[in-house]
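*Asks:* Dropping in run_20.pdb, which is PDB, C-alpha atoms:
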ATOM      1  CA  MET A   1       0.000   0.000   0.000
ATOM      2  CA  GLY A   2       2.854   2.346   0.869
ATOM      3  CA  LEU A   3       4.574   1.662  -2.440
ATOM      4  CA  ALA A   4       1.334   2.400  -4.303
ATOM      5  CA  LEU A   5       1.091   5.752  -2.528
ATOM      6  CA  ILE A   6       4.666   6.569  -3.522
ATOM      7  CA  ALA A   7       3.927   5.569  -7.121
ATOM      8  CA  VAL A   8       0.818   7.786  -7.230
ATOM      9  CA  SER A   9       2.691  10.761  -5.774
ATOM     10  CA  LEU A  10       5.531  10.305  -8.259
ATOM     11  CA  MET A  11       3.130  10.088 -11.194
ATOM     12  CA  ILE A  12       1.220  13.231 -10.222
ATOM     13  CA  GLY A  13       4.287  15.146  -9.029
ATOM     14  CA  PHE A  14       6.491  14.482 -12.026
ATOM     15  CA  GLY A  15       3.558  15.008 -14.371
ATOM     16  CA  ALA A  16       2.959  18.453 -12.894
ATOM     17  CA  LEU A  17       6.681  19.239 -12.885
ATOM     18  CA  GLY A  18       7.140  18.293 -16.535
ATOM     19  CA  THR A  19       4.110  20.306 -17.591
ATOM     20  CA  ALA A  20       5.286  23.292 -15.551
ATOM     21  CA  ILE A  21       8.750  23.253 -17.138
ATOM     22  CA  GLY A  22       7.243  22.919 -20.603
ATOM     23  CA  PHE A  23       4.843  25.797 -20.025
ATOM     24  CA  ALA A  24       7.587  28.001 -18.612
ATOM     25  CA  LEU A  25       9.646  27.445 -21.770
ATOM     26  CA  LEU A  26       6.615  27.948 -24.030
ATOM     27  CA  GLY A  27       5.543  31.149 -22.259
ATOM     28  CA  GLY A  28       9.053  32.545 -22.414
ATOM     29  CA  LYS A  29       9.278  31.836 -26.136
ATOM     30  CA  LEU A  30       5.849  33.398 -26.709
ATOM     31  CA  LEU A  31       6.937  36.620 -24.981
ATOM     32  CA  GLU A  32      10.224  36.635 -26.879
ATOM     33  CA  GLY A  33       8.527  35.978 -30.225
ATOM     34  CA  SER A  34       5.850  38.616 -29.595
ATOM     35  CA  ALA A  35       8.507  41.177 -28.696
ATOM     36  CA  ARG A  36      10.535  40.427 -31.832
ATOM     37  CA  GLN A  37       7.619  40.313 -34.274
ATOM     38  CA  PRO A  38       4.429  41.749 -32.721
ATOM     39  CA  GLU A  39       2.395  41.192 -35.894
ATOM     40  CA  LEU A  40       2.839  37.427 -35.467
ATOM     41  CA  ALA A  41       1.517  37.386 -31.871
ATOM     42  CA  PRO A  42      -1.976  35.940 -32.670
ATOM     43  CA  MET A  43      -0.432  33.215 -34.817
ATOM     44  CA  LEU A  44       2.076  32.402 -32.075
ATOM     45  CA  GLN A  45      -0.822  32.170 -29.630
ATOM     46  CA  THR A  46      -2.634  29.559 -31.725
ATOM     47  CA  LYS A  47       0.609  27.647 -32.228
ATOM     48  CA  MET A  48       1.177  27.744 -28.476
ATOM     49  CA  PHE A  49      -2.341  26.387 -27.958
ATOM     50  CA  LEU A  50      -1.566  23.442 -30.239
ATOM     51  CA  ILE A  51       1.788  22.712 -28.596
ATOM     52  CA  ALA A  52       0.214  23.036 -25.129
ATOM     53  CA  GLY A  53      -2.221  20.268 -26.093
ATOM     54  CA  LEU A  54       0.673  18.048 -27.141
ATOM     55  CA  LEU A  55       2.712  18.975 -24.079
ATOM     56  CA  ASP A  56       0.217  17.950 -21.440
ATOM     57  CA  ALA A  57      -1.273  14.905 -23.182
ATOM     58  CA  VAL A  58       1.056  12.363 -21.592
ATOM     59  CA  PRO A  59       1.016  13.867 -18.048
ATOM     60  CA  MET A  60      -2.797  13.863 -18.137
ATOM     61  CA  ILE A  61      -2.830  10.150 -18.987
ATOM     62  CA  GLY A  62      -0.356   9.631 -16.125
ATOM     63  CA  VAL A  63      -2.657  11.487 -13.760
ATOM     64  CA  GLY A  64      -5.573   9.325 -14.884
ATOM     65  CA  ILE A  65      -3.586   6.136 -14.252
ATOM     66  CA  ALA A  66      -2.545   7.484 -10.843
ATOM     67  CA  MET A  67      -6.191   8.067  -9.915
ATOM     68  CA  TYR A  68      -7.057   4.572 -11.164
ATOM     69  CA  VAL A  69      -4.355   3.075  -8.940
ATOM     70  CA  LEU A  70      -5.481   5.189  -5.986
ATOM     71  CA  PHE A  71      -9.221   4.576  -6.193
ATOM     72  CA  VAL A  72      -9.677   1.243  -8.006
ATOM     73  CA  LEU A  73      -6.572  -0.942  -7.714
ATOM     74  CA  VAL A  74      -5.867  -0.085  -4.059
ATOM     75  CA  PRO A  75      -9.291   1.114  -2.880
ATOM     76  CA  GLY A  76      -8.541   0.979   0.853
ATOM     77  CA  MET A  77      -5.847   3.595   0.423
ATOM     78  CA  ALA A  78      -8.049   6.547  -0.597
TER      79      ALA A  78
ATOM     80  CA  MET Q   1       6.201  53.169 -38.726
ATOM     81  CA  ALA Q   2       3.704  50.311 -38.743
ATOM     82  CA  GLN Q   3       1.397  50.025 -35.797
ATOM     83  CA  HIS Q   4       1.327  46.609 -34.133
ATOM     84  CA  GLY Q   5      -0.783  44.939 -31.466
ATOM     85  CA  ALA Q   6      -4.452  44.237 -30.911
ATOM     86  CA  ASN Q   7      -5.587  47.229 -33.002
ATOM     87  CA  SER Q   8      -3.358  46.610 -36.023
ATOM     88  CA  PRO Q   9      -4.955  45.495 -39.326
ATOM     89  CA  THR Q  10      -3.268  42.055 -39.125
ATOM     90  CA  ALA Q  11      -4.650  41.391 -35.655
ATOM     91  CA  ALA Q  12      -8.113  42.466 -36.807
ATOM     92  CA  VAL Q  13      -8.094  39.835 -39.595
ATOM     93  CA  ILE Q  14      -7.277  36.963 -37.219
ATOM     94  CA  SER Q  15     -10.461  36.316 -35.287
ATOM     95  CA  ARG Q  16     -10.976  34.449 -32.057
ATOM     96  CA  PRO Q  17     -11.572  30.698 -32.715
ATOM     97  CA  PRO Q  18     -15.188  29.491 -32.322
ATOM     98  CA  LEU Q  19     -14.565  27.596 -29.096
ATOM     99  CA  LEU Q  20     -18.213  26.904 -28.296
ATOM    100  CA  LYS Q  21     -18.725  25.366 -31.729
ATOM    101  CA  ILE Q  22     -15.524  23.307 -31.507
ATOM    102  CA  TYR Q  23     -16.225  21.847 -28.058
ATOM    103  CA  GLY Q  24     -19.931  21.432 -28.857
ATOM    104  CA  THR Q  25     -18.946  19.369 -31.910
ATOM    105  CA  GLN Q  26     -16.560  17.290 -29.813
ATOM    106  CA  THR Q  27     -19.261  16.613 -27.224
ATOM    107  CA  ALA Q  28     -21.748  15.699 -29.957
ATOM    108  CA  LEU Q  29     -19.220  13.271 -31.478
ATOM    109  CA  LEU Q  30     -18.648  11.755 -28.050
ATOM    110  CA  VAL Q  31     -22.359  11.308 -27.378
ATOM    111  CA  LEU Q  32     -22.822   9.665 -30.793
ATOM    112  CA  ALA Q  33     -19.898   7.305 -30.204
ATOM    113  CA  SER Q  34     -21.225   6.424 -26.760
ATOM    114  CA  ALA Q  35     -24.679   5.787 -28.203
ATOM    115  CA  ALA Q  36     -23.092   3.426 -30.734
ATOM    116  CA  LEU Q  37     -21.308   1.643 -27.886
ATOM    117  CA  LEU Q  38     -24.658   0.895 -26.256
ATOM    118  CA  LEU Q  39     -24.604  -2.184 -28.513
ATOM    119  CA  PHE Q  40     -21.862  -3.564 -26.236
ATOM    120  CA  GLY Q  41     -23.723  -2.748 -23.049
ATOM    121  CA  GLU Q  42     -24.644   0.173 -20.827
ATOM    122  CA  VAL Q  43     -21.474   0.015 -18.760
ATOM    123  CA  THR Q  44     -19.296   0.221 -21.876
ATOM    124  CA  ALA Q  45     -21.242   3.223 -23.194
ATOM    125  CA  LEU Q  46     -21.150   4.969 -19.814
ATOM    126  CA  SER Q  47     -17.403   4.305 -19.510
ATOM    127  CA  ALA Q  48     -16.789   5.863 -22.938
ATOM    128  CA  LEU Q  49     -18.990   8.853 -22.157
ATOM    129  CA  THR Q  50     -17.334   9.602 -18.814
ATOM    130  CA  GLY Q  51     -13.825   9.068 -20.221
ATOM    131  CA  GLY Q  52     -14.535  11.461 -23.078
ATOM    132  CA  LEU Q  53     -16.117  14.071 -20.841
ATOM    133  CA  ILE Q  54     -13.116  13.943 -18.484
ATOM    134  CA  SER Q  55     -11.049  14.993 -21.509
ATOM    135  CA  VAL Q  56     -13.453  17.527 -23.078
ATOM    136  CA  VAL Q  57     -14.404  19.563 -19.986
ATOM    137  CA  PRO Q  58     -10.840  20.470 -18.837
ATOM    138  CA  ASN Q  59      -9.795  21.111 -22.462
ATOM    139  CA  ALA Q  60     -12.721  23.499 -22.946
ATOM    140  CA  TRP Q  61     -11.716  25.348 -19.776
ATOM    141  CA  PHE Q  62      -8.114  25.577 -20.987
ATOM    142  CA  ALA Q  63      -9.167  26.859 -24.425
ATOM    143  CA  ARG Q  64     -11.420  29.483 -22.845
ATOM    144  CA  MET Q  65      -8.556  30.713 -20.669
ATOM    145  CA  ALA Q  66      -5.999  30.524 -23.509
ATOM    146  CA  PHE Q  67      -7.951  32.864 -25.793
ATOM    147  CA  ARG Q  68      -9.097  35.408 -23.205
ATOM    148  CA  HIS Q  69      -6.515  37.961 -24.342
ATOM    149  CA  ARG Q  70      -5.259  38.760 -27.838
ATOM    150  CA  GLY Q  71      -2.458  40.729 -29.470
ATOM    151  CA  ALA Q  72       1.199  41.506 -28.923
ATOM    152  CA  ARG Q  73       0.517  44.163 -26.280
ATOM    153  CA  ALA Q  74      -1.220  41.574 -24.142
ATOM    154  CA  ALA Q  75       1.565  38.952 -24.542
ATOM    155  CA  GLY Q  76       2.200  38.923 -20.781
ATOM    156  CA  ALA Q  77      -1.514  38.466 -20.057
ATOM    157  CA  VAL Q  78      -1.703  35.703 -22.684
ATOM    158  CA  SER Q  79       1.186  33.872 -21.029
ATOM    159  CA  GLN Q  80      -0.433  34.295 -17.586
ATOM    160  CA  SER Q  81      -3.821  33.057 -18.753
ATOM    161  CA  PHE Q  82      -2.185  30.035 -20.425
ATOM    162  CA  LYS Q  83      -0.541  29.226 -17.095
ATOM    163  CA  ARG Q  84      -3.796  29.630 -15.154
ATOM    164  CA  GLY Q  85      -5.680  27.617 -17.760
ATOM    165  CA  GLU Q  86      -3.186  24.778 -17.541
ATOM    166  CA  ALA Q  87      -3.279  24.747 -13.731
ATOM    167  CA  GLY Q  88      -7.079  24.645 -13.860
ATOM    168  CA  LYS Q  89      -7.009  21.882 -16.440
ATOM    169  CA  PHE Q  90      -4.674  19.789 -14.277
ATOM    170  CA  VAL Q  91      -6.834  20.234 -11.166
ATOM    171  CA  LEU Q  92     -10.054  19.593 -13.117
ATOM    172  CA  THR Q  93      -8.647  16.391 -14.656
ATOM    173  CA  ILE Q  94      -7.499  15.068 -11.265
ATOM    174  CA  SER Q  95     -10.821  15.964  -9.628
ATOM    175  CA  LEU Q  96     -12.943  14.421 -12.398
ATOM    176  CA  PHE Q  97     -10.900  11.202 -12.454
ATOM    177  CA  ALA Q  98     -11.072  10.985  -8.652
ATOM    178  CA  MET Q  99     -14.805  11.633  -8.669
ATOM    179  CA  VAL Q 100     -15.495   9.042 -11.383
ATOM    180  CA  PHE Q 101     -13.290   6.308  -9.924
ATOM    181  CA  SER Q 102     -14.570   6.818  -6.368
ATOM    182  CA  THR Q 103     -18.272   6.907  -7.281
ATOM    183  CA  MET Q 104     -18.386   4.486 -10.237
ATOM    184  CA  PRO Q 105     -15.773   1.738  -9.697
ATOM    185  CA  GLN Q 106     -17.722  -0.682 -11.937
ATOM    186  CA  LEU Q 107     -16.724   1.244 -15.103
ATOM    187  CA  GLN Q 108     -14.458  -0.463 -17.638
ATOM    188  CA  ALA Q 109     -11.076   1.201 -17.235
ATOM    189  CA  GLY Q 110      -9.840   0.231 -20.714
ATOM    190  CA  VAL Q 111     -12.825   1.808 -22.444
ATOM    191  CA  LEU Q 112     -12.641   4.879 -20.186
ATOM    192  CA  PHE Q 113      -8.960   5.500 -20.920
ATOM    193  CA  GLY Q 114      -9.499   4.690 -24.598
ATOM    194  CA  ALA Q 115     -12.230   7.334 -24.851
ATOM    195  CA  PHE Q 116     -10.089   9.787 -22.859
ATOM    196  CA  ILE Q 117      -7.117   9.377 -25.204
ATOM    197  CA  SER Q 118      -9.345   9.420 -28.308
ATOM    198  CA  MET Q 119     -10.964  12.709 -27.285
ATOM    199  CA  MET Q 120      -7.507  14.110 -26.569
ATOM    200  CA  LEU Q 121      -6.468  13.206 -30.129
ATOM    201  CA  VAL Q 122      -9.679  14.745 -31.521
ATOM    202  CA  ASN Q 123      -8.918  17.910 -29.545
ATOM    203  CA  LEU Q 124      -5.401  18.009 -31.013
ATOM    204  CA  ALA Q 125      -6.827  17.584 -34.519
ATOM    205  CA  PHE Q 126      -9.205  20.512 -33.934
ATOM    206  CA  ALA Q 127      -6.359  22.648 -32.539
ATOM    207  CA  TRP Q 128      -4.221  21.806 -35.587
ATOM    208  CA  GLN Q 129      -7.116  22.739 -37.860
ATOM    209  CA  ILE Q 130      -7.541  26.096 -36.052
ATOM    210  CA  GLY Q 131      -3.838  26.823 -36.529
ATOM    211  CA  ASN Q 132      -3.935  26.027 -40.248
ATOM    212  CA  ARG Q 133      -7.132  27.971 -40.882
ATOM    213  CA  ARG Q 134      -5.832  31.047 -39.119
ATOM    214  CA  ILE Q 135      -2.495  30.995 -40.899
ATOM    215  CA  ALA Q 136      -4.294  30.722 -44.227
ATOM    216  CA  LYS Q 137      -6.264  33.865 -43.350
ATOM    217  CA  THR Q 138      -3.187  36.047 -42.665
TER     218      THR Q 138
END
Using the file provided, produce a representation of the structure as structure tokens.
*Replies:*
Amino acid sequence: MGLALIAVSLMIGFGALGTAIGFALLGGKLLEGSARQPELAPMLQTKMFLIAGLLDAVPMIGVGIAMYVLFVLVPGMA
Amino acid sequence: MAQHGANSPTAAVISRPPLLKIYGTQTALLVLASAALLLFGEVTALSALTGGLISVVPNAWFARMAFRHRGARAAGAVSQSFKRGEAGKFVLTISLFAMVFSTMPQLQAGVLFGAFISMMLVNLAFAWQIGNRRIAKT
């Protein structure tokens, strides 16, 4: 049970960390790109939206699996 | 000197994406697919519906937050709202998964995750289409 808790925390924690790092890089690049070429800002925003969807796809699946482990596989833990 | 930002002619051409239409279409597709899965049983259809909704609802929230601000002058606000949207999406996904798994443990996990991933791919396809359409307009 303890190991399952550790696994769930790692899945959620590293998922959030990876997404946060990715978004920090993306946001920084958006600001940089908008400052260099302001006329491209709306296009960069839509591109960022697309990349954001790709970026957090895998962490979201990880979060779902973590919740499955927490509530279904080891139900006494939650 | 050319004027840039939200009031420039280029920014005026690029309109806000029709988010309500996009996520309404996704939900309609999901409901149709779930209705088709009724052939395999109610639990299968319900699993697909909940899995898809767990994907669509947080994505709709994120899209709403992502396109709250427009233009180069609001680049900082755009970045901030992306961050807030992503945090909200993460919390919403965790909460919805927790709620579904704690209240409906009889659901088929494979179908639920399959629908979740499928709706994620559909969302990516729509986002890619938005990007292409808007580039074609500029």
*Asks:* Any idea what's packed within 9 Å of Ala127 (chain Q), counting all atoms listed in the file, ignoring anything in its chain fewer than 6 positions away? Could you give it as a list in words?
*Replies:*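 Contacts, with the query itself left out: Thr46, Lys47, Phe49, Leu50 and Gly53 of chain A.
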*Asks:* When the PyMOL selection byres ((chain A and resi 28) around 12) is applied to the file above, which residues end up in the set, as a ChimeraX atom specification?
*Replies:* /A:21-27,29-35,44,48 /Q:75-76,78-80,82-83
*Asks:* Taking only C-alpha atoms into account, which of Q:Pro18, Q:Pro105, Q:Gly88, Q:Gly114 comes nearest Ile61 (chain A)?
*Replies:*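 The shortest atom-to-atom distance to Ile61 (chain A) comes from Q:Gly114.
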*Asks:* Step by step, work through what the ChimeraX specification (/A :<6) & /Q selects in the shown file, and finish by giving those residues as a VMD selection string.
*Replies:* chain Q and resid 4 71 to 72 75 79 98 101 to 102 127 131
*Asks:* Go ahead and save the picked residues with C-alpha atoms, as a compact mmCIF listing (two decimals), in the frame of the given file.
*Replies:*
# COMPACT_ATOMS: atom_id res chain seq x y z
CA HIS Q 4 1.33 46.61 -34.13
CA GLY Q 71 -2.46 40.73 -29.47
CA ALA Q 72 1.20 41.51 -28.92
CA ALA Q 75 1.56 38.95 -24.54
CA SER Q 79 1.19 33.87 -21.03
CA ALA Q 98 -11.07 10.98 -8.65
CA PHE Q 101 -13.29 6.31 -9.92
CA SER Q 102 -14.57 6.82 -6.37
CA ALA Q 127 -6.36 22.65 -32.54
CA GLY Q 131 -3.84 26.82 -36.53
*Asks:* Please expand the PyMOL selection byres ((chain Q and resi 48) around 9) into the concrete residues it hits in this file, giving the result as a ChimeraX atom specification.
*Replies:* /Q:30-31,33-34,37,43-47,49-53,108,111-116
*Asks:* Using all atoms listed in the file for the distances, tell me which of Q:Met119, Q:Val100, Q:Ala74, Q:Leu39 is nearest to Ala60 (chain Q).
*Replies:*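 When distances to Ala60 (chain Q) are compared using all atoms listed in the file, the smallest one comes from Q:Met119.
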*Asks:* How many Å separate CA of Arg73 (chain Q) from CA of Glu86 (chain Q)?
*Replies:*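 Atom-to-atom, CA of Arg73 (chain Q) to CA of Glu86 (chain Q), that is 21.6 Å.
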